Each structure stands twice: as structure tokens, then as C-alpha cells.
$ cat work.json   # JSON, C-alpha atoms
[["chain", "number", "residue", "atom", "x", "y", "z"],
["A", 516, "MET", "CA", 25.10, 28.44, 9.70],
["A", 517, "THR", "CA", 23.03, 28.53, 12.88],
["A", 518, "GLY", "CA", 24.53, 27.37, 16.12],
["A", 519, "ASP", "CA", 21.64, 25.22, 17.30],
["A", 520, "GLN", "CA", 22.39, 22.27, 15.06],
["A", 521, "SER", "CA", 22.98, 19.11, 17.00],
["A", 522, "PRO", "CA", 25.80, 16.74, 16.05],
["A", 523, "LYS", "CA", 23.21, 14.17, 14.97],
["A", 524, "ARG", "CA", 21.73, 16.60, 12.48],
["A", 525, "ASP", "CA", 25.18, 17.36, 11.15],
["A", 526, "ALA", "CA", 25.84, 13.66, 10.73],
["A", 527, "ALA", "CA", 22.57, 13.18, 8.88],
["A", 528, "GLN", "CA", 23.27, 16.16, 6.66],
["A", 529, "GLY", "CA", 26.75, 14.80, 6.04],
["A", 530, "ALA", "CA", 25.34, 11.45, 4.93],
["A", 531, "ASN", "CA", 22.92, 13.25, 2.65],
["A", 532, "MET", "CA", 25.71, 15.34, 1.15],
["A", 533, "GLY", "CA", 27.71, 12.19, 0.47],
["A", 534, "TRP", "CA", 24.81, 10.62, -1.42],
["A", 535, "ALA", "CA", 24.03, 13.87, -3.22],
["A", 536, "ALA", "CA", 27.67, 14.41, -4.22],
["A", 537, "LEU", "CA", 27.79, 10.87, -5.62],
["A", 538, "GLY", "CA", 24.51, 11.53, -7.42],
["A", 539, "TYR", "CA", 25.82, 14.71, -9.05],
["A", 540, "LEU", "CA", 29.06, 13.07, -10.15],
["A", 541, "LEU", "CA", 27.14, 10.13, -11.62],
["A", 542, "ALA", "CA", 24.56, 12.39, -13.24],
["A", 543, "GLY", "CA", 27.27, 14.50, -14.86],
["A", 544, "MET", "CA", 29.24, 11.56, -16.18],
["A", 545, "VAL", "CA", 26.17, 9.64, -17.36],
["A", 546, "PHE", "CA", 24.43, 12.58, -19.02],
["A", 547, "TRP", "CA", 27.38, 14.23, -20.75],
["A", 548, "GLY", "CA", 28.96, 10.86, -21.48],
["A", 549, "PHE", "CA", 25.71, 9.90, -23.21],
["A", 550, "VAL", "CA", 25.66, 13.15, -25.19],
["A", 551, "GLY", "CA", 29.27, 12.46, -26.20],
["A", 552, "TRP", "CA", 28.34, 8.92, -27.22],
["A", 553, "LEU", "CA", 25.54, 10.28, -29.43],
["A", 554, "ILE", "CA", 27.98, 12.72, -31.03],
["A", 555, "ASP", "CA", 30.39, 9.85, -31.62],
["A", 556, "HIS", "CA", 27.68, 7.93, -33.44],
["A", 557, "TRP", "CA", 26.46, 10.84, -35.52],
["A", 558, "PHE", "CA", 29.89, 11.88, -36.70],
["A", 559, "HIS", "CA", 31.47, 8.40, -36.74],
["A", 560, "ILE", "CA", 34.35, 9.35, -34.49],
["A", 561, "ARG", "CA", 35.41, 6.56, -32.23],
["A", 562, "GLY", "CA", 34.99, 7.39, -28.58],
["A", 563, "ILE", "CA", 36.69, 10.77, -28.37],
["A", 564, "ALA", "CA", 33.48, 12.70, -27.75],
["A", 565, "THR", "CA", 32.38, 10.11, -25.17],
["A", 566, "ALA", "CA", 35.67, 10.53, -23.32],
["A", 567, "ILE", "CA", 35.42, 14.31, -23.40],
["A", 568, "GLY", "CA", 31.78, 14.10, -22.26],
["A", 569, "VAL", "CA", 32.57, 11.87, -19.28],
["A", 570, "VAL", "CA", 35.47, 14.06, -18.13],
["A", 571, "LEU", "CA", 33.47, 17.25, -18.65],
["A", 572, "GLY", "CA", 30.51, 15.71, -16.80],
["A", 573, "ALA", "CA", 32.71, 14.74, -13.85],
["A", 574, "ALA", "CA", 34.16, 18.25, -13.72],
["A", 575, "LEU", "CA", 30.69, 19.79, -13.85],
["A", 576, "GLY", "CA", 29.58, 17.37, -11.13],
["A", 577, "VAL", "CA", 32.39, 18.58, -8.86],
["A", 578, "TYR", "CA", 31.48, 22.20, -9.68],
["A", 579, "LEU", "CA", 27.83, 21.53, -8.82],
["A", 580, "VAL", "CA", 28.76, 19.88, -5.51],
["A", 581, "VAL", "CA", 30.89, 22.93, -4.61],
["A", 582, "LYS", "CA", 28.07, 25.34, -5.55],
["A", 583, "ARG", "CA", 25.37, 23.41, -3.71],
["A", 584, "PHE", "CA", 27.27, 22.38, -0.59],
["A", 585, "GLY", "CA", 30.45, 24.46, -0.58],
["A", 586, "ALA", "CA", 31.07, 26.85, 2.31],
["B", 394, "MET", "CA", 33.75, -34.58, -8.20],
["B", 395, "VAL", "CA", 32.06, -32.29, -5.74],
["B", 396, "GLY", "CA", 29.56, -31.25, -8.39],
["B", 397, "VAL", "CA", 28.64, -34.87, -9.15],
["B", 398, "LEU", "CA", 28.13, -35.87, -5.52],
["B", 399, "ALA", "CA", 26.24, -32.75, -4.61],
["B", 400, "ASP", "CA", 23.77, -33.04, -7.47],
["B", 401, "LYS", "CA", 20.75, -32.88, -5.19],
["B", 402, "ILE", "CA", 21.82, -29.63, -3.56],
["B", 403, "PRO", "CA", 20.71, -26.56, -5.56],
["B", 404, "PHE", "CA", 24.13, -25.00, -5.84],
["B", 405, "PRO", "CA", 25.23, -22.43, -6.87],
["B", 406, "PRO", "CA", 22.23, -20.26, -5.91],
["B", 407, "SER", "CA", 20.54, -18.44, -8.77],
["B", 408, "VAL", "CA", 17.84, -15.87, -9.38],
["B", 409, "GLY", "CA", 15.43, -18.80, -9.55],
["B", 410, "ASP", "CA", 15.83, -19.14, -5.78],
["B", 411, "PHE", "CA", 14.01, -15.81, -5.44],
["B", 412, "TYR", "CA", 10.86, -17.31, -6.98],
["B", 413, "PRO", "CA", 9.30, -19.72, -4.50],
["B", 414, "PRO", "CA", 6.22, -21.57, -5.80],
["B", 415, "ASP", "CA", 2.93, -19.63, -5.78],
["B", 416, "ILE", "CA", 0.65, -20.27, -2.83],
["B", 417, "ALA", "CA", -2.70, -19.81, -4.58],
["B", 418, "GLY", "CA", -2.63, -18.54, -8.15],
["B", 419, "SER", "CA", -0.02, -16.14, -9.42],
["B", 420, "TRP", "CA", -1.37, -13.24, -7.31],
["B", 421, "ILE", "CA", -0.91, -14.90, -3.92],
["B", 422, "THR", "CA", 2.78, -15.64, -3.54],
["B", 423, "LYS", "CA", 5.01, -16.03, -0.52],
["B", 424, "PHE", "CA", 5.88, -12.36, -0.93],
["B", 425, "THR", "CA", 2.33, -11.00, -1.01],
["B", 426, "LEU", "CA", 1.46, -13.19, 1.96],
["B", 427, "PHE", "CA", 4.30, -11.85, 4.08],
["B", 428, "VAL", "CA", 3.75, -8.25, 3.01],
["B", 429, "TRP", "CA", 0.17, -8.59, 4.26],
["B", 430, "ILE", "CA", 1.38, -10.20, 7.48],
["B", 431, "THR", "CA", 3.81, -7.30, 7.89],
["B", 432, "VAL", "CA", 1.01, -4.76, 7.46],
["B", 433, "ALA", "CA", -1.11, -6.67, 9.98],
["B", 434, "LEU", "CA", 1.78, -6.85, 12.46],
["B", 435, "VAL", "CA", 2.57, -3.13, 12.27],
["B", 436, "ILE", "CA", -1.10, -2.17, 12.63],
["B", 437, "ALA", "CA", -1.64, -4.63, 15.47],
["B", 438, "PHE", "CA", 1.51, -3.41, 17.22],
["B", 439, "PHE", "CA", 0.34, 0.20, 17.42],
["B", 440, "LEU", "CA", -3.32, -0.62, 18.07],
["B", 441, "LEU", "CA", -2.47, -2.92, 20.97],
["B", 442, "ALA", "CA", 0.14, -0.55, 22.34],
["B", 443, "TYR", "CA", -2.24, 2.42, 22.40],
["B", 444, "ARG", "CA", -5.46, 0.56, 23.23],
["B", 445, "SER", "CA", -5.51, 1.99, 26.72],
["B", 446, "PRO", "CA", -2.57, 4.38, 26.98],
["B", 447, "LYS", "CA", -1.22, 4.90, 30.47],
["B", 448, "LEU", "CA", 0.73, 7.83, 31.84],
["B", 449, "VAL", "CA", 3.27, 5.30, 33.04],
["B", 450, "PRO", "CA", 3.52, 3.18, 29.90],
["B", 451, "THR", "CA", 3.16, -0.57, 29.82],
["B", 452, "ARG", "CA", 5.97, -2.53, 28.17],
["B", 453, "LEU", "CA", 4.31, -2.69, 24.75],
["B", 454, "GLN", "CA", 3.32, 0.96, 24.94],
["B", 455, "TRP", "CA", 6.91, 1.81, 25.80],
["B", 456, "TYR", "CA", 8.16, -0.04, 22.72],
["B", 457, "ALA", "CA", 5.69, 1.75, 20.49],
["B", 458, "GLU", "CA", 6.43, 5.13, 22.00],
["B", 459, "SER", "CA", 10.17, 4.73, 21.73],
["B", 460, "THR", "CA", 9.92, 3.57, 18.10],
["B", 461, "TYR", "CA", 7.73, 6.52, 17.21],
["B", 462, "GLY", "CA", 9.86, 8.86, 19.31],
["B", 463, "PHE", "CA", 13.04, 7.65, 17.63],
["B", 464, "VAL", "CA", 11.72, 8.35, 14.14],
["B", 465, "ARG", "CA", 10.00, 11.62, 15.12],
["B", 466, "ASP", "CA", 13.01, 13.09, 16.94],
["B", 467, "GLY", "CA", 15.87, 11.24, 15.28],
["B", 468, "VAL", "CA", 14.67, 11.43, 11.68],
["B", 469, "ALA", "CA", 11.73, 13.80, 11.10],
["B", 470, "LYS", "CA", 12.70, 16.68, 13.44],
["B", 471, "GLU", "CA", 16.44, 16.29, 12.96],
["B", 472, "ILE", "CA", 16.28, 16.44, 9.19],
["B", 473, "ILE", "CA", 13.17, 18.44, 8.29],
["B", 474, "GLY", "CA", 13.04, 20.65, 11.38],
["B", 475, "ALA", "CA", 10.04, 21.65, 13.50],
["B", 476, "GLU", "CA", 7.50, 21.09, 10.72],
["B", 477, "GLY", "CA", 8.88, 17.60, 10.23],
["B", 478, "VAL", "CA", 6.53, 16.37, 12.98],
["B", 479, "ARG", "CA", 3.69, 16.10, 10.47],
["B", 480, "PHE", "CA", 5.75, 13.62, 8.45],
["B", 481, "ALA", "CA", 6.64, 11.54, 11.50],
["B", 482, "PRO", "CA", 3.65, 9.14, 11.30],
["B", 483, "TYR", "CA", 4.42, 8.29, 7.67],
["B", 484, "LEU", "CA", 8.15, 7.96, 8.31],
["B", 485, "THR", "CA", 7.51, 5.69, 11.30],
["B", 486, "SER", "CA", 5.17, 3.44, 9.32],
["B", 487, "LEU", "CA", 7.64, 3.38, 6.46],
["B", 488, "PHE", "CA", 10.54, 2.51, 8.77],
["B", 489, "LEU", "CA", 8.65, -0.30, 10.51],
["B", 490, "PHE", "CA", 7.21, -1.67, 7.26],
["B", 491, "VAL", "CA", 10.64, -1.90, 5.63],
["B", 492, "LEU", "CA", 12.24, -3.20, 8.83],
["B", 493, "VAL", "CA", 9.73, -6.03, 9.36],
["B", 494, "ASN", "CA", 9.88, -6.96, 5.67],
["B", 495, "ASN", "CA", 13.68, -7.05, 5.81],
["B", 496, "ILE", "CA", 13.68, -9.20, 8.90],
["B", 497, "TRP", "CA", 11.54, -11.89, 7.21],
["B", 498, "GLY", "CA", 14.74, -12.80, 5.41],
["B", 499, "LEU", "CA", 16.17, -14.03, 8.70],
["B", 500, "ILE", "CA", 13.13, -15.76, 10.24],
["B", 501, "PRO", "CA", 13.50, -19.56, 10.00],
["B", 502, "GLY", "CA", 10.86, -21.01, 7.69],
["B", 503, "VAL", "CA", 10.34, -17.74, 5.85],
["B", 504, "GLN", "CA", 13.95, -16.89, 5.04],
["B", 505, "ILE", "CA", 13.27, -14.57, 2.16],
["B", 506, "SER", "CA", 12.41, -10.91, 2.31],
["B", 507, "PRO", "CA", 9.82, -9.35, -0.01],
["B", 508, "MET", "CA", 12.32, -6.49, -0.33],
["B", 509, "SER", "CA", 14.57, -8.85, -2.32],
["B", 510, "HIS", "CA", 12.16, -8.29, -5.22],
["B", 511, "ILE", "CA", 12.64, -4.86, -6.81],
["B", 512, "ALA", "CA", 8.86, -4.29, -7.07],
["B", 513, "PHE", "CA", 8.41, -3.64, -3.34],
["B", 514, "PRO", "CA", 11.24, -1.11, -2.85],
["B", 515, "ALA", "CA", 10.24, 0.47, -6.17],
["B", 516, "ALA", "CA", 6.65, 1.00, -5.01],
["B", 517, "LEU", "CA", 7.92, 2.61, -1.79],
["B", 518, "ALA", "CA", 10.32, 4.82, -3.77],
["B", 519, "VAL", "CA", 7.40, 5.95, -5.96],
["B", 520, "LEU", "CA", 5.55, 6.96, -2.78],
["B", 521, "THR", "CA", 8.58, 8.92, -1.58],
["B", 522, "TYR", "CA", 8.88, 10.54, -5.03],
["B", 523, "LEU", "CA", 5.23, 11.61, -5.00],
["B", 524, "ILE", "CA", 5.49, 12.95, -1.47],
["B", 525, "PHE", "CA", 8.61, 15.07, -1.88],
["B", 526, "ASN", "CA", 7.41, 16.54, -5.17],
["B", 527, "TYR", "CA", 3.92, 17.13, -3.79],
["B", 528, "VAL", "CA", 5.09, 19.03, -0.70],
["B", 529, "GLY", "CA", 7.52, 21.10, -2.79],
["B", 530, "ILE", "CA", 4.90, 22.01, -5.41],
["B", 531, "LYS", "CA", 2.35, 22.76, -2.70],
["B", 532, "ARG", "CA", 4.72, 25.13, -0.91],
["B", 533, "PHE", "CA", 6.23, 27.02, -3.84],
["B", 534, "GLY", "CA", 4.02, 26.31, -6.85],
["B", 535, "PHE", "CA", 5.06, 24.13, -9.78],
["B", 536, "TRP", "CA", 7.48, 26.33, -11.74],
["B", 537, "PRO", "CA", 9.15, 28.02, -8.77],
["B", 538, "TYR", "CA", 9.68, 24.57, -7.21],
["B", 539, "VAL", "CA", 11.17, 23.09, -10.38],
["B", 540, "LYS", "CA", 13.32, 26.21, -10.86],
["B", 541, "GLN", "CA", 14.58, 25.96, -7.31],
["B", 542, "GLN", "CA", 15.46, 22.29, -7.73],
["B", 543, "LEU", "CA", 17.16, 22.74, -11.09],
["B", 544, "ILE", "CA", 19.04, 26.05, -10.78],
["B", 545, "PRO", "CA", 21.84, 26.09, -8.21],
["B", 546, "PRO", "CA", 22.41, 29.49, -6.56],
["B", 547, "GLY", "CA", 25.37, 31.69, -7.42],
["B", 548, "VAL", "CA", 26.13, 30.19, -10.83],
["B", 549, "PRO", "CA", 26.85, 32.29, -13.94],
["B", 550, "TRP", "CA", 24.06, 32.05, -16.53],
["B", 551, "TRP", "CA", 26.16, 30.65, -19.37],
["B", 552, "ILE", "CA", 27.02, 27.47, -17.45],
["B", 553, "LEU", "CA", 23.38, 26.71, -16.57],
["B", 554, "PRO", "CA", 22.59, 24.79, -19.79],
["B", 555, "LEU", "CA", 25.35, 22.38, -18.80],
["B", 556, "LEU", "CA", 24.16, 22.00, -15.21],
["B", 557, "ILE", "CA", 20.36, 21.88, -15.53],
["B", 558, "PRO", "CA", 20.24, 18.43, -17.23],
["B", 559, "MET", "CA", 22.47, 17.06, -14.47],
["B", 560, "GLU", "CA", 20.29, 18.55, -11.72],
["B", 561, "PHE", "CA", 17.23, 17.13, -13.44],
["B", 562, "LEU", "CA", 18.81, 13.70, -13.77],
["B", 563, "SER", "CA", 20.02, 13.53, -10.17],
["B", 564, "THR", "CA", 16.90, 14.97, -8.50],
["B", 565, "PHE", "CA", 14.01, 13.64, -10.57],
["B", 566, "ILE", "CA", 15.38, 10.44, -12.07],
["B", 567, "LEU", "CA", 18.31, 9.08, -10.06],
["B", 568, "ARG", "CA", 16.73, 9.72, -6.63],
["B", 569, "PRO", "CA", 13.90, 7.17, -6.87],
["B", 570, "LEU", "CA", 16.15, 4.74, -8.75],
["B", 571, "THR", "CA", 18.97, 4.79, -6.20],
["B", 572, "LEU", "CA", 16.50, 4.73, -3.31],
["B", 573, "SER", "CA", 14.83, 1.54, -4.52],
["B", 574, "ILE", "CA", 17.97, -0.16, -5.86],
["B", 575, "ARG", "CA", 19.90, 0.48, -2.63],
["B", 576, "LEU", "CA", 17.32, -1.35, -0.54],
["B", 577, "PHE", "CA", 16.66, -4.10, -3.08],
["B", 578, "ALA", "CA", 20.33, -4.82, -3.77],
["B", 579, "ASN", "CA", 21.28, -4.94, -0.10],
["B", 580, "ILE", "CA", 18.54, -7.44, 0.73],
["B", 581, "PHE", "CA", 19.05, -9.45, -2.48],
["B", 582, "ALA", "CA", 22.80, -9.70, -1.93],
["B", 583, "GLY", "CA", 22.27, -10.66, 1.71],
["B", 584, "HIS", "CA", 20.01, -13.54, 0.67],
["B", 585, "ILE", "CA", 22.54, -14.73, -1.93],
["B", 586, "ILE", "CA", 25.37, -14.59, 0.63],
["B", 587, "LEU", "CA", 23.43, -16.68, 3.14],
["B", 588, "LEU", "CA", 22.50, -19.19, 0.40],
["B", 589, "ILE", "CA", 26.09, -19.50, -0.75],
["B", 590, "PHE", "CA", 27.53, -20.18, 2.69],
["B", 591, "THR", "CA", 24.72, -22.44, 3.90],
["B", 592, "LEU", "CA", 24.31, -24.52, 0.72],
["B", 593, "GLY", "CA", 28.03, -24.36, 0.05],
["B", 594, "GLY", "CA", 28.55, -25.99, 3.43],
["B", 595, "PHE", "CA", 26.32, -28.88, 2.35],
["B", 596, "VAL", "CA", 28.12, -29.19, -0.98],
["B", 597, "LEU", "CA", 31.48, -29.37, 0.81],
["B", 598, "PHE", "CA", 30.10, -31.81, 3.39],
["B", 599, "ALA", "CA", 28.82, -34.12, 0.64],
["B", 600, "SER", "CA", 32.26, -34.38, -0.93],
["B", 601, "ASP", "CA", 34.52, -37.44, -0.55],
["B", 602, "ASN", "CA", 37.49, -35.35, 0.35],
["B", 603, "PHE", "CA", 38.14, -35.28, 4.10],
["B", 604, "ALA", "CA", 39.54, -31.74, 4.04],
["B", 605, "PHE", "CA", 36.50, -30.43, 2.19],
["B", 606, "LYS", "CA", 34.21, -31.97, 4.83],
["B", 607, "GLY", "CA", 36.11, -30.01, 7.47],
["B", 608, "ILE", "CA", 35.85, -26.75, 5.58],
["B", 609, "SER", "CA", 32.06, -27.12, 5.51],
["B", 610, "LEU", "CA", 32.10, -26.25, 9.23],
["B", 611, "VAL", "CA", 33.87, -23.00, 8.40],
["B", 612, "SER", "CA", 31.28, -22.29, 5.74],
["B", 613, "TRP", "CA", 28.43, -22.77, 8.23],
["B", 614, "ALA", "CA", 30.20, -20.64, 10.82],
["B", 615, "VAL", "CA", 30.45, -17.83, 8.27],
["B", 616, "ALA", "CA", 26.75, -18.33, 7.47],
["B", 617, "ILE", "CA", 25.89, -17.78, 11.15],
["B", 618, "LEU", "CA", 28.15, -14.72, 11.31],
["B", 619, "MET", "CA", 26.56, -13.35, 8.14],
["B", 620, "THR", "CA", 23.08, -13.85, 9.61],
["B", 621, "PHE", "CA", 23.94, -11.39, 12.36],
["B", 622, "PHE", "CA", 25.47, -9.07, 9.78],
["B", 623, "GLU", "CA", 22.25, -9.27, 7.75],
["B", 624, "LEU", "CA", 20.27, -8.29, 10.84],
["B", 625, "LEU", "CA", 22.40, -5.15, 11.00],
["B", 626, "VAL", "CA", 21.83, -4.52, 7.28],
["B", 627, "ALA", "CA", 18.07, -5.02, 7.71],
["B", 628, "VAL", "CA", 17.86, -2.37, 10.44],
["B", 629, "LEU", "CA", 20.30, -0.01, 8.72],
["B", 630, "GLN", "CA", 18.58, -0.12, 5.33],
["B", 631, "ALA", "CA", 15.16, 0.50, 6.89],
["B", 632, "TYR", "CA", 16.66, 3.50, 8.70],
["B", 633, "VAL", "CA", 18.40, 4.78, 5.55],
["B", 634, "PHE", "CA", 15.19, 4.51, 3.54],
["B", 635, "ALA", "CA", 13.24, 6.58, 6.08],
["B", 636, "LEU", "CA", 16.16, 8.99, 6.50],
["B", 637, "LEU", "CA", 16.55, 9.68, 2.78],
["B", 638, "THR", "CA", 12.79, 10.13, 2.40],
["B", 639, "ALA", "CA", 13.04, 12.80, 5.10],
["B", 640, "VAL", "CA", 16.07, 14.37, 3.40],
["B", 641, "TYR", "CA", 14.22, 14.61, 0.07],
["B", 642, "VAL", "CA", 11.23, 16.20, 1.76],
["B", 643, "GLN", "CA", 13.58, 18.67, 3.45],
["B", 644, "THR", "CA", 15.27, 19.68, 0.21],
["B", 645, "SER", "CA", 11.82, 20.23, -1.34],
["B", 646, "LEU", "CA", 10.74, 22.45, 1.54],
["B", 647, "ALA", "CA", 13.99, 24.39, 2.00],
["B", 648, "GLU", "CA", 13.87, 28.03, 0.91],
["B", 649, "ASP", "CA", 17.37, 28.02, -0.46],
["B", 650, "HIS", "CA", 20.07, 25.40, -0.66]]
$ encode --input "work.json" --output "C-alpha cells"
Amino acid sequence: MTGDQSPKRDAAQGANMGWAALGYLLAGMVFWGFVGWLIDHWFHIRGIATAIGVVLGAALGVYLVVKRFGA
Amino acid sequence: MVGVLADKIPFPPSVGDFYPPDIAGSWITKFTLFVWITVALVIAFFLLAYRSPKLVPTRLQWYAESTYGFVRDGVAKEIIGAEGVRFAPYLTSLFLFVLVNNIWGLIPGVQISPMSHIAFPAALAVLTYLIFNYVGIKRFGFWPYVKQQLIPPGVPWWILPLLIPMEFLSTFILRPLTLSIRLFANIFAGHIILLIFTLGGFVLFASDNFAFKGISLVSWAVAILMTFFELLVAVLQAYVFALLTAVYVQTSLAEDH
């Protein structure tokens, strides 16, 4: 972006991005994993929807990190 | 054998060790007492330092100015930008309040930090939560602010229903949770570690076995090492708490991510 960013600011932003990336990954896996778990319970299938939800959530988390912080 | 001989030593440490007896009724505990002492210390520090400010600062004034300068330039301005200066007083107070509270865990005779109870970090996280939402809503209005936080730029519309719940969870629910748990868990774990190595040394020393007696010295040496490590953690966690508060304010104020 702009050229006047000091290294310290970059470091701080980097730390923030690390936390935020972790947050998005967790949020994706927790939320869609939970939705999958609910589906499992409603339809009495054992864990398949939970597994799909967690994987989908992780993928969406990565996508979100790329969209928010990607170059 | 060790367990039998070391009956009088409260080992292993448990959550019960985080509940010292009340001082006067259930509202005045060791924790409330030291939180109030912390508040008094921070206020007294700045009042004394700036009582008669000199152009060439006295020693105390120099300490106060460099603390404030560090947070203003190193946290507020670095993260939020030029308008971050108006958050510098709060961030400085927050940093010092957390720092002094953390350091109580290492002061002989006190040796437990109020921050090892989730209530204190949680209250501070609620403050941070209110502040970053307030400044965002004030700048953009409620719906534009929420929209900006929840809808990432450059994403096709059909994927948004999948992403918005995740954005909501990470920004409005996980942020205050992780902020408070990070501080609480670090201080809690630090206290447990010090208890294990200090009391464990006594348990080993009380044993009949000659070799175990010797190992107790190692245990105490690790306890001393860990005390210095906990000092580092105390400073670092106070810094991280203030830093992340600034980061959240910045993301609320930013035009576009």
C-alpha cells in the first residue's frame, strides 16, 4: 500500500493478521461444524455432516483470510 | 511414599488455590483489595509525575512520559494512525492497569494476580468490545458499520450466506472471548506452574529418598527461572491486550479492509 509504513507497524499488522486468520479458521470450523452436527442429529446420520461442515468451514475460513488480507 | 510424607503440603495445586480466604465479607477479597491498590498506584503514579511538570523532566516524570509515549507512539499511532492519539490515554491506563495486576502474581506476599480470575479480564474485554463497536457505529452509522464488518470486499454474492455467519462469529463473539481468555489463561497457567515447581520442591524434599531430596533443588531452580519467565509474560500480555484493543478500534474505523 503506502510507502510510509514503518516496520513496527507492519509487525503489529502481521500479528493482528495472525490472530484474525486463526479467528476466521476457528469461526468457520466451529460454525459450520455445529450446523453439520445439528444436521446429523436431525437426520440421524452419524457424523458425516459434521465432518463435511468442519472441512467446509476450514475451506471457507481460508477463503475469507485470502479475501480480507490477500494481496 | 512421597504422598504420605508430604501430607501437609497442598500438592498438587488445584483451582482451590485461586480462592484465598475473604478479607472482610465475600465482597472484599484479596483480589478486590489488590485491584483497588492497582488503581490507586496508577493514579498516584501519574498525579505525582505531573504534579509540577518540568521542561527537563524529573526521574518520575520521565518514567511517566516514556510510558505514555510508548503506548501513544508504539501502539495508538502505529496501529490506528494519526487519530489514534485520542485513544492513547485509555490505552495507556489499560496497559498499566493490566501490567500492575499481572505483576502482583510475582510480588512476595501477594503472589496471585487478580487477572488469574476470568472476571477481571472479561470486564476489560467488555470495555474493549463497547469501545470498538461504539467508535465504528459513531463513524459509519449502525447498519453501514455492521455491513462493513460482515461483508468482505470482492466476494461473489452467492457465497456470502456462507461467510457472514463466520464473520459475525469471529468479529462480534470470538473477539471478546479470545481477548479475555488469552490474558486469563496466561496468568492462570503461570500461577499453576510456579505452584507446581515451588510446592513440588517441598514434596520432593520431604521424601525419604536421597535422590528425590536432590531433585528438589532442581525443582526450585526451575521455579526461579519460571518467575523471570512469568515477568516476561506479565509485560507481554499487558502489551498484547492494549495492542489488540487498538487493532479492533482500527478495524472499526477503517474505510475498507
$ interface_residues --input "work.json" --of "chain B" --to "chain A" --cutoff "12 Å" --atoms "all atoms listed in the file" --output "PDB file with C-alpha atoms, in the frame of the given file"
ATOM      1  CA  ASP B 466      13.010  13.090  16.940  1.00  0.00           C
ATOM      2  CA  GLY B 467      15.870  11.240  15.280  1.00  0.00           C
ATOM      3  CA  VAL B 468      14.670  11.430  11.680  1.00  0.00           C
ATOM      4  CA  ALA B 469      11.730  13.800  11.100  1.00  0.00           C
ATOM      5  CA  LYS B 470      12.700  16.680  13.440  1.00  0.00           C
ATOM      6  CA  GLU B 471      16.440  16.290  12.960  1.00  0.00           C
ATOM      7  CA  ILE B 472      16.280  16.440   9.190  1.00  0.00           C
ATOM      8  CA  ILE B 473      13.170  18.440   8.290  1.00  0.00           C
ATOM      9  CA  GLY B 474      13.040  20.650  11.380  1.00  0.00           C
ATOM     10  CA  GLN B 541      14.580  25.960  -7.310  1.00  0.00           C
ATOM     11  CA  GLN B 542      15.460  22.290  -7.730  1.00  0.00           C
ATOM     12  CA  LEU B 543      17.160  22.740 -11.090  1.00  0.00           C
ATOM     13  CA  ILE B 544      19.040  26.050 -10.780  1.00  0.00           C
ATOM     14  CA  PRO B 545      21.840  26.090  -8.210  1.00  0.00           C
ATOM     15  CA  PRO B 546      22.410  29.490  -6.560  1.00  0.00           C
ATOM     16  CA  GLY B 547      25.370  31.690  -7.420  1.00  0.00           C
ATOM     17  CA  VAL B 548      26.130  30.190 -10.830  1.00  0.00           C
ATOM     18  CA  PRO B 549      26.850  32.290 -13.940  1.00  0.00           C
ATOM     19  CA  ILE B 552      27.020  27.470 -17.450  1.00  0.00           C
ATOM     20  CA  LEU B 553      23.380  26.710 -16.570  1.00  0.00           C
ATOM     21  CA  PRO B 554      22.590  24.790 -19.790  1.00  0.00           C
ATOM     22  CA  LEU B 555      25.350  22.380 -18.800  1.00  0.00           C
ATOM     23  CA  LEU B 556      24.160  22.000 -15.210  1.00  0.00           C
ATOM     24  CA  ILE B 557      20.360  21.880 -15.530  1.00  0.00           C
ATOM     25  CA  PRO B 558      20.240  18.430 -17.230  1.00  0.00           C
ATOM     26  CA  MET B 559      22.470  17.060 -14.470  1.00  0.00           C
ATOM     27  CA  GLU B 560      20.290  18.550 -11.720  1.00  0.00           C
ATOM     28  CA  PHE B 561      17.230  17.130 -13.440  1.00  0.00           C
ATOM     29  CA  LEU B 562      18.810  13.700 -13.770  1.00  0.00           C
ATOM     30  CA  SER B 563      20.020  13.530 -10.170  1.00  0.00           C
ATOM     31  CA  THR B 564      16.900  14.970  -8.500  1.00  0.00           C
ATOM     32  CA  PHE B 565      14.010  13.640 -10.570  1.00  0.00           C
ATOM     33  CA  ILE B 566      15.380  10.440 -12.070  1.00  0.00           C
ATOM     34  CA  LEU B 567      18.310   9.080 -10.060  1.00  0.00           C
ATOM     35  CA  ARG B 568      16.730   9.720  -6.630  1.00  0.00           C
ATOM     36  CA  PRO B 569      13.900   7.170  -6.870  1.00  0.00           C
ATOM     37  CA  LEU B 570      16.150   4.740  -8.750  1.00  0.00           C
ATOM     38  CA  THR B 571      18.970   4.790  -6.200  1.00  0.00           C
ATOM     39  CA  LEU B 572      16.500   4.730  -3.310  1.00  0.00           C
ATOM     40  CA  ARG B 575      19.900   0.480  -2.630  1.00  0.00           C
ATOM     41  CA  TYR B 632      16.660   3.500   8.700  1.00  0.00           C
ATOM     42  CA  VAL B 633      18.400   4.780   5.550  1.00  0.00           C
ATOM     43  CA  PHE B 634      15.190   4.510   3.540  1.00  0.00           C
ATOM     44  CA  ALA B 635      13.240   6.580   6.080  1.00  0.00           C
ATOM     45  CA  LEU B 636      16.160   8.990   6.500  1.00  0.00           C
ATOM     46  CA  LEU B 637      16.550   9.680   2.780  1.00  0.00           C
ATOM     47  CA  THR B 638      12.790  10.130   2.400  1.00  0.00           C
ATOM     48  CA  ALA B 639      13.040  12.800   5.100  1.00  0.00           C
ATOM     49  CA  VAL B 640      16.070  14.370   3.400  1.00  0.00           C
ATOM     50  CA  TYR B 641      14.220  14.610   0.070  1.00  0.00           C
ATOM     51  CA  GLN B 643      13.580  18.670   3.450  1.00  0.00           C
ATOM     52  CA  THR B 644      15.270  19.680   0.210  1.00  0.00           C
ATOM     53  CA  ASP B 649      17.370  28.020  -0.460  1.00  0.00           C
ATOM     54  CA  HIS B 650      20.070  25.400  -0.660  1.00  0.00           C
TER      55      HIS B 650
END
$ atom_distance --input "work.json" --atom1 "atom CA of Ile430 of chain B" --atom2 "atom CA of Trp497 of chain B"
10.3 Å
$ residues_around --input "work.json" --residues "Thr565 of chain A" --least-positions-apart "5" --cutoff "8 Å" --atoms "only C-alpha atoms" --output "list in words"
Trp547, Gly548, Phe549, Val550, Gly551, Trp552, Ile554 and Asp555 of chain A
$ closest_residue --input "work.json" --among "B:Gly594, B:Ile589, B:Leu646, B:Ala515" --to "Phe533 of chain B" --atoms "all atoms listed in the file"
B:Leu646
$ atom_distance --input "work.json" --atom1 "atom CA of Gln454 of chain B" --atom2 "atom CA of Phe427 of chain B"
24.5 Å
$ atom_distance --input "work.json" --atom1 "atom CA of Val626 of chain B" --atom2 "atom CA of Lys423 of chain B"
21.8 Å
$ axis_aligned_box --input "work.json" --around "segment 635-646 of chain B" --padding-each-side "5 Å" --output "JSON"
{"center_x": 13.6, "center_y": 14.5, "center_z": 2.6, "size_x": 15.8, "size_y": 25.9, "size_z": 17.8}
$ closest_residue --input "work.json" --among "B:Ala442, B:Ile496, B:Val432, B:Leu592" --to "Ser459 of chain B" --atoms "all atoms listed in the file"
B:Ala442
$ residues_around --input "work.json" --residues "Ala457 of chain B" --least-positions-apart "6" --cutoff "10 Å" --atoms "only C-alpha atoms" --output "VMD selection string"
chain B and resid 438 to 443 450 to 451 463
$ residues_near_point --input "work.json" --point "(26.9, -16.7, 8.0)" --cutoff "10 Å" --atoms "only C-alpha atoms" --output "number ranges by chain"
B: 583, 586-591, 611-623
